[in-house]
Amino acid sequence: MLLFIEQCLNGLQLGLLLFLVAAGLTLIFGIMDMVNLAHGSLYMIGAYFAATFVAWTGSFVAGAVLAVGATLLVGMLLEVIAIRPLYGRDHLDQVLGTFGLILFFNELVRIVWGPAGLRVPLPDWLKTSVPILPGLQYPTYRIAIIVTALAVALFLYILVMRTRLGMLIRAGASNREMAGALGVNIKLLYTLVFGLGAALAGLAGLMQAPILTVQIGMGENILILAFVIIIIGGIGSIRGAFVAALLVGLIDTIGRAFLPDLLRLFLSYRTASAVTPAISSMMIYLVMAIVLVVRPQGLFQVSGK
């Protein structure tokens with residue numbers, strides 16, 4: 001029972017990390033109608049910025065804040081220089097253009113940081129464990145990820161649903177031409193939205209950096225999961241991205257934890273261990289396929305943002 005609770009917490013932590021990436025992606029896709037394959041590269045850039053700024057400042061918190069700010073600026077600059085010319089083009093042009101940005105960022109990282117992976121050290125106060133239940137200790141850093149991601153989710157809800165900027169974002173998503181005719185600076189709005197999406201991806205990357213090695217191409221796998229999440233949740237829906245990310249995180253984590261024991265009833269130990277990751281991934285795509293068949297628009301429509 002304790003193992004199941006621990007794996008549920010791990011799934012919650014993974015799902016919330018995925019939400020940070022998917023939330024930025026669904027904002028960009030739903031509001032700007034922009035297919036941005038380079039979103040995973042911004043996740044990678046955030047992790048590399050964190051490794052650099054933590055080493056410079058000697059503080060994980062200060063390095064994280066600087067990394068988010070730097071990724072925000074990179075995202076806004078990227079939107080002005082490379083993304084803006086793709087507006088109004090068909091999705092194939094956007095896919096090809098942003099795929100080129102993936103190659104650009106991978107080579108840029110190789111030039112600036114080198115081909116070797118980097119590590120982001122945690123401060124001592126985040127290396128401890130916290131008692132959750134009698135007999136169950138859970139890492140403080142993973143709890144910090146959960147709390148931070150939930151705070152960001154609350155911030156996004158307040159921003160989109162309770163502020164003037166959120167009203168402009170929703171207006172731009174519903175009818176950008178009418179919003180522009182009413183005096184909304186659509187170009188500036190798009191730059192801010194893209195920068196926000198980049199900052200969310202960078203935040204996810206820097207929080208994952210102490211757990212995994214920071215390396216070139218680290219954002220490409222998580223980008224695939226982010227697209228799966230926004231398809232399940234509904235393109236343009238923040239609430240849908242949140243629910244779908246938790247669902248994907250729990251399916252993947254619990255599947256990897258408990259499927260081997262189930263498969264060993266029928267297969268050898270080595271075979272069961274080898275096929276478990278593939279089956280866990282298949283379960284995620286199976287859920288996506290079921291949602292597409294039953295509810296093609298996703299779990300939540302765009303109006304439910």
# chains A, B, ... in the order shown; residues from 1 in each chain; ligands from 1
call {"tool": "closest_atom_pairs", "arguments": {"of": "region 167-220 of chain A", "to": "region 6-27 of chain A", "cutoff": "6 Å", "atoms": "only C-alpha atoms", "output": "JSON lines"}}
result
{"residue": "A:Gly197", "atom": "CA", "partner": "A:Gly24", "partner_atom": "CA", "distance": 3.6}
{"residue": "A:Leu200", "atom": "CA", "partner": "A:Leu20", "partner_atom": "CA", "distance": 5.4}
{"residue": "A:Ala201", "atom": "CA", "partner": "A:Val21", "partner_atom": "CA", "distance": 4.7}
{"residue": "A:Ala204", "atom": "CA", "partner": "A:Leu17", "partner_atom": "CA", "distance": 5.6}
call {"tool": "select_by_dssp", "arguments": {"residues": "region 33-204 of chain A", "states": "alpha helix (DSSP H)", "output": "count of residues only"}}
result
120
call {"tool": "select_by_dssp", "arguments": {"residues": "region 112-216 of chain A", "states": "strand (DSSP E or B)", "output": "PyMOL selection string"}}
result
chain A and resi 118+129-133+136-139+214
call {"tool": "closest_residue", "arguments": {"among": "A:Val54, A:Val120, A:Val293, A:Ile284", "to": "Ala67 (chain A)", "atoms": "only C-alpha atoms"}}
result
A:Val54
call {"tool": "residues_around", "arguments": {"residues": "Gly255 (chain A)", "least_positions_apart": "4", "cutoff": "6 Å", "atoms": "only C-alpha atoms", "output": "MDAnalysis selection string"}}
result
chainID A and resid 251 259 280
call {"tool": "atom_distance", "arguments": {"atom1": "CA of Arg164 (chain A)", "atom2": "CA of Arg84 (chain A)"}}
result
23.6 Å
call {"tool": "atom_distance", "arguments": {"atom1": "CA of Gly205 (chain A)", "atom2": "CA of Phe49 (chain A)"}}
result
9.4 Å
call {"tool": "closest_residue", "arguments": {"among": "A:Thr128, A:Thr57, A:Thr163, A:Ser41", "to": "Gly202 (chain A)", "atoms": "only C-alpha atoms"}}
result
A:Ser41
call {"tool": "closest_residue", "arguments": {"among": "A:Val95, A:Ile45, A:Ala50, A:Leu133", "to": "Gly63 (chain A)", "atoms": "only C-alpha atoms"}}
result
A:Ala50
call {"tool": "residues_around", "arguments": {"residues": "Ala274 (chain A)", "least_positions_apart": "6", "cutoff": "12 Å", "atoms": "only C-alpha atoms", "output": "PDB file with C-alpha atoms, in the first residue's frame"}}
result
ATOM      1  CA  ARG A 256       6.222   1.184 -14.953  1.00  0.00           C
ATOM      2  CA  LEU A 259       3.382  -3.950 -14.708  1.00  0.00           C
ATOM      3  CA  PRO A 260       6.637  -5.944 -14.277  1.00  0.00           C
ATOM      4  CA  LEU A 263       3.962  -9.642 -16.542  1.00  0.00           C
ATOM      5  CA  ARG A 264       6.304 -11.942 -14.616  1.00  0.00           C
ATOM      6  CA  LEU A 267       6.998 -13.951 -18.924  1.00  0.00           C
ATOM      7  CA  SER A 268      10.567 -14.285 -17.736  1.00  0.00           C
ATOM      8  CA  SER A 280       3.388   1.866 -20.361  1.00  0.00           C
TER       9      SER A 280
END
call {"tool": "residues_around", "arguments": {"residues": "Leu72 (chain A)", "least_positions_apart": "5", "cutoff": "7 Å", "atoms": "only C-alpha atoms", "output": "JSON, numbers by chain"}}
result
{"A": [195, 196, 198, 199]}
call {"tool": "atom_distance", "arguments": {"atom1": "CA of Leu77 (chain A)", "atom2": "CA of Gln215 (chain A)"}}
result
22.9 Å
call {"tool": "closest_residue", "arguments": {"among": "A:Leu168, A:Ala144, A:Ile111, A:Leu96", "to": "Asn36 (chain A)", "atoms": "only C-alpha atoms"}}
result
A:Leu96
call {"tool": "residues_around", "arguments": {"residues": "Val160 (chain A)", "least_positions_apart": "2", "cutoff": "12 Å", "atoms": "only C-alpha atoms", "output": "PyMOL selection string"}}
result
chain A and resi 23+27+31+153-158+162-173+193+196+236-239+303-305
call {"tool": "write_last_selection", "arguments": {"atoms": "C-alpha atoms", "output": "mmCIF file, in the first residue's frame"}}
result
data_model
loop_
_atom_site.group_PDB
_atom_site.id
_atom_site.type_symbol
_atom_site.label_atom_id
_atom_site.label_comp_id
_atom_site.auth_asym_id
_atom_site.auth_seq_id
_atom_site.Cartn_x
_atom_site.Cartn_y
_atom_site.Cartn_z
ATOM 1 C CA ALA A 23 0.237 24.500 -20.679
ATOM 2 C CA LEU A 27 -1.575 28.443 -25.022
ATOM 3 C CA ILE A 31 -4.449 31.144 -29.121
ATOM 4 C CA ALA A 153 -1.436 26.208 -12.210
ATOM 5 C CA LEU A 154 -3.321 28.495 -9.811
ATOM 6 C CA PHE A 155 -1.447 31.504 -11.212
ATOM 7 C CA LEU A 156 -2.420 30.541 -14.769
ATOM 8 C CA TYR A 157 -6.059 30.165 -13.769
ATOM 9 C CA ILE A 158 -6.109 33.598 -12.135
ATOM 10 C CA ARG A 162 -9.491 36.936 -13.568
ATOM 11 C CA THR A 163 -7.199 39.562 -15.151
ATOM 12 C CA ARG A 164 -7.420 42.039 -18.017
ATOM 13 C CA LEU A 165 -4.519 40.328 -19.771
ATOM 14 C CA GLY A 166 -6.378 37.035 -19.500
ATOM 15 C CA MET A 167 -9.446 38.668 -20.997
ATOM 16 C CA LEU A 168 -7.350 39.862 -23.941
ATOM 17 C CA ILE A 169 -5.825 36.389 -24.312
ATOM 18 C CA ARG A 170 -9.284 34.798 -24.439
ATOM 19 C CA ALA A 171 -10.507 37.454 -26.853
ATOM 20 C CA GLY A 172 -7.514 36.863 -29.121
ATOM 21 C CA ALA A 173 -8.167 33.147 -29.033
ATOM 22 C CA VAL A 193 1.871 34.686 -24.722
ATOM 23 C CA LEU A 196 4.893 32.974 -21.075
ATOM 24 C CA GLY A 236 -6.326 25.533 -26.081
ATOM 25 C CA SER A 237 -7.722 24.379 -22.728
ATOM 26 C CA ILE A 238 -5.542 24.988 -19.663
ATOM 27 C CA ARG A 239 -7.919 22.956 -17.505
ATOM 28 C CA SER A 303 -14.332 27.541 -24.074
ATOM 29 C CA GLY A 304 -13.426 25.737 -20.857
ATOM 30 C CA LYS A 305 -10.011 27.390 -20.552
#
call {"tool": "closest_residue", "arguments": {"among": "A:Met207, A:Ile186, A:Ile216, A:Leu66", "to": "Asn106 (chain A)", "atoms": "only C-alpha atoms"}}
result
A:Ile216
call {"tool": "closest_residue", "arguments": {"among": "A:Ile211, A:Ile145, A:Ala257, A:Met288", "to": "Leu225 (chain A)", "atoms": "only C-alpha atoms"}}
result
A:Met288
